[in-house]
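What follows is a set of notes on a single structure, which appears directly below.
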Amino acid sequence: MILPPEFQDWFARQGWQPHPHQLALLVATGDSLLIAPTGGGKTLAGFLPSLVELAQAARPDGYLGNREAAQAGLHTLYVSPLKALTADIGRNLARPVADLGLGVRVEDRTGDTGQTQRRRQRVDPPEILLTTPESLALMLSYPEAPAIFGGLRRVVLDELHALAESKRGDQLMLGLARLRRLAPGLRVIGLSATVEAPQALAGFMAGAAPVAVVEADPGPDPDIAMLPTAKPAPWSGGGGHYAIPEVLEVVKGARTTIIFINTRAQAELFFQALWAENDENLPIGLHHGSLAREQRARVEAAMAAGALRAVVATGSLDLGIDWGAVDLVIQVGAPKNVKRLVQRIGRANHRYNAPSKARIVPANRFEQIECVAALEAVRERDLDGDPRGPGPLDVLCQHILLTACAAPFDADALYSEVVAAGPYRGLTRADFDACLDFAATGGYALRAYDRWQRLVLRGGLWQLRDPRAAKLLRMNVGTIVEAEMMKVRLRGRGGAPLGEVEEAFAASLTPGDSFLIGGRVVRMDAMREMVIEVTPDPTQRPKIAVYSGVKLAMSTQLSHRVLALIGDPARHGALPAQTREWLGLQAEVSALPEPGLLLSESFPHAGLWHFALYGFAGRNALQTLGLLLTREMEEEGLGPLGFLSTDYALLVWSLDPLRDPAPLLDRARLRAGLGDWLGGNAVMKRTFRNTATVAGLIQRNMPGQRKSGRQATFSSDILYDTLRKYDPGHLMLRITAEEAGRGLVDFDRIEEMLDRSPRREHRILDRVSPMAAPLLLEVGQVPIRGEGRERLALIEAEALMAEAGLEGIA
Amino acid sequence: MSGYAFDFHGLRLEARASGALWWAEGAALVVADLHLGKSERMARRGGPLLPPYEGLATLERLADEIAALDPRVVISLGDGFDDLAAAEALDPLVAGALRRLARGRDWIWIGGNHDPGAPSSLPGRAADSLLLGRVTLRHEAAEGPDVSGHFHPVIRLAGERRRAFLLGGDHLLLPAFGAYTGGLLHDDPALAALVPQGLAIACGARAIPLPLGQGRRP
């Protein structure tokens, strides 16, 4: 296929030249994956083959030639991770569709689409449908799916790199395998930002035939550097507030700036600190996932209109609508991951072939080293990323149940279809059967549901026992499991919504406590049902706003770079002077960690012994190691009291010193400890909640669910404890352990740390070492659970009783 | 397990950390909302297939209390079964455990909204309500003084939800004893109307009393 003359004219009228990668996609005969930086006309590249085909079909001799006579049906399906993006794409497509007189309908179908339109789309689909992975899964669960998608010619998958990072991508690939079966000859185009392993992403989206990777010219190297500041970075903390004057200065010099910060709480605090010094009243907004949708939409609209000079954002702006005016990106805090840094830098300057400009603000001394290492990696175009694990089984369980909603199915045929999806290529028949058994009977050792199976086998086909169950299953489509959130609104009738906080954070608030949300300090007045009522209170110092527990760990590759930089004094010249001196002092007093060496120290401080281990294995793995080590130390009678983990190091404090850590760091011993400990652990319970929800064991949405505080459902922790006790071999526990092992528990990286460190060195010092000093200043320690938690509850209850004048009556 | 003892209209009672209520003078153990057969009922209605072990888990906790206290009578304060069909279809393992627990003692099933009436195939007898001195035992609170269940009260304490007794002037509300039971927060209008002021007694490793009422946490 070549670009027809009317398209060439259209490009010329816009003053554009088609990019080579746009033309490459046009001539491709099979599936393709386009890797292109932002601003490379990526979306148009994805749609161009569809538009050309539709234009040809619309000619009198084309298949759409006589529109009245034939229902043309769905030609192209576009899937994006964001609803906002589908709306934006719809607007952008409207222009070429109108200019070229294609006469085709472009519509979106997301969670926001009304019932009437959904029904109409099922009967009379548009030529181009824009949707999300969840809405696609839902559409495929209806009996009409073969009729709707049978004539589909093309699929465009946008922001595939982002989708591939989560279970949404796995669900989408299962849906794609279904589409490929319903519409043989379907051609698929994946669109992705720069990634470390394009071939792996191509394998992820591939069906039976291989996918051709098209890499666009990556453009000139970005203009990226650390932001020079008058004050040095502090020893610890994650705020980056020391750099506020310089940040304001560069914001003034740019047209529009996005300031990325790693967590919502830090974004709130930084935004507040910026405004405190924003003497010129530059319009600066705030954008993160805890803000009310209306508020986010306002900020997005202001950005699009060019009314803001800067926006402080979290990962909530990693994806989304291109704002052409953004010409500077500032990353506050360590990037943690080179690939994400590169993608964020790419948000600046969407003019193709102009360098993106970015400045980095490390939040503390350790992060300074990390930023230097990350900048080296960016310059060398050495992206990181851990290889993707196999497709998760909880997503498959949901897929099996939704398949049954569409029509009775044959197990062999479904298995063949599933293993045609990239992430599930290695799925064994035994695992597939285990998921099918779970979907049908619950998969329990106690075969309790013979009469009430969810799926039953009739005439060789699996189907829903109770067809009414389809409604419930459709209500629970999706793989995103949100934490329990509580809404925050201003006090008074019809008080304005400000956003949401996690229920666990809300439970820690007492009326009168103040916290930050939406960039302002508010005082909690009351908690009513599922709403927290607040009044603005700018005079108070806020309690730290802790929203979300899961923190992104530094990538393995970046950890290695940081360790190599620290361990090689000859390279310290690249570091700021104070950091250089700090490392020099550490080498003098103790030793420097280096590749191949696992360094640890024991020293007394403030009446307690401290044990520091420089593992460079990421915060999740080091947190797990902390939990395992403190258990061992407890058994050895060393009296551990608490610990903290960062991406770089683990610090444990105890009554007695740990003199020889070597036996405790034995891999087999740690593994054994892991098995025992994992059971009652909160991280596992959190993971279980996610997997059980995705697999359909826990249902988030029930028909006619009341919105009051009445909890019809019970805590997933109860299900977890019950299963562990009565059915420890159950599929859900296996899935949970696998997922936690890769994710939050990250035991793999503890093993990786041990493997790469054949040498162990333990120093016993008489005081805090320079490298351990910043750790002592960190907040966010993990208290040891169990009796400590119970004591906390007693103390809190006693304080309340005393306040009520009731002390001593218990 | 450490409990919390208090007086209620002439009765000396103990709120057990397990969520059961103990009246030592009459050697009576009271438990509310066991909801046996809940997973079976949800499965029957086409819902998710929950781990079918909640009956065993619930009765194991009840067995611990019975072993510790050796009650003369066990009183289920309504909703002992998720519905009557669930009572009839009760897993043989659970039914067997129930028979063993009931051996040698009186067992009274007070009717609830889920199970109006007693299961014919299981030990014990049915009652609509019961009088202990001046205090009525019934499923759902009505004219006080009474002891009731039904609402599954919970409170927030130290960042966690805990099942809780609510103790007011006229009403004593018991938490649900069953394993798979959700909870209603104490400040829900339905509960705040019944127990506007008084004490909540949180369950857990030990029973923890804390004040309830007027703009004060929790």
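Residues in the structure tokens are numbered from 1 in each chain, the chains being A, B, ... in the order shown, and ligands are numbered from 1 in the order shown.
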Select, as a ChimeraX atom specification, those residues of chain B with any atom no more than 9 Å from chain A (distances computed using only C-alpha atoms). /B:4-6,40,43-54,56-57,91,156-161,179-185,187-189,204-206,208-211,215-218
Name the residues in contact with Gly607 of chain A at a cut-off of 10 Å, using only C-alpha atoms, excluding same-chain residues fewer than 2 positions from it; report them as a list in words. Pro604, His605, Trp609, His610, Ser654 and Leu655 of chain A
Looking at only C-alpha atoms, which of B:Leu173, B:Val154, B:Ala193, B:Ala32 is the one that sits closest to Val74 of chain B?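 Among the listed residues, B:Ala32 lies closest to Val74 of chain B.
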How close does each residue of segment 38-63 of chain A get to segment 132-155 of chain A, giving the shortest atom pair and distance in Å to one decimal for every residue with an atom at most 12 Å away, counting only C-alpha atoms, sorted by chain and residue number, as CSV?
```
residue,atom,partner,partner_atom,distance
A:Gly46,CA,A:Val155,CA,9.0
A:Phe47,CA,A:Arg154,CA,9.2
A:Leu48,CA,A:Arg154,CA,11.1
A:Pro49,CA,A:Arg154,CA,8.8
A:Ser50,CA,A:Arg154,CA,7.0
A:Leu51,CA,A:Arg154,CA,10.7
A:Glu53,CA,A:Arg153,CA,9.5
A:Leu54,CA,A:Arg153,CA,10.4
```
Export of the given selection (N, CA and C atoms) as a CSV table (one decimal), in the first residue's frame:
```csv
chain,number,residue,atom,x,y,z
A,46,GLY,N,-0.2,5.1,13.3
A,46,GLY,CA,-1.0,3.9,13.6
A,46,GLY,C,-2.3,3.9,12.8
A,47,PHE,N,-2.9,5.0,12.6
A,47,PHE,CA,-4.2,5.1,11.9
A,47,PHE,C,-4.1,5.2,10.4
A,48,LEU,N,-3.0,5.7,9.9
A,48,LEU,CA,-2.9,5.9,8.5
A,48,LEU,C,-3.3,4.7,7.6
A,49,PRO,N,-2.8,3.5,7.9
A,49,PRO,CA,-3.2,2.4,7.0
A,49,PRO,C,-4.8,2.2,7.1
A,50,SER,N,-5.4,2.4,8.2
A,50,SER,CA,-6.8,2.3,8.3
A,50,SER,C,-7.5,3.4,7.4
A,51,LEU,N,-7.0,4.6,7.6
A,51,LEU,CA,-7.7,5.7,6.8
A,51,LEU,C,-7.5,5.5,5.3
A,53,GLU,N,-7.2,2.6,3.8
A,53,GLU,CA,-8.1,1.5,3.4
A,53,GLU,C,-9.5,2.0,3.3
A,54,LEU,N,-9.9,2.8,4.3
A,54,LEU,CA,-11.3,3.2,4.3
A,54,LEU,C,-11.6,4.2,3.2
```
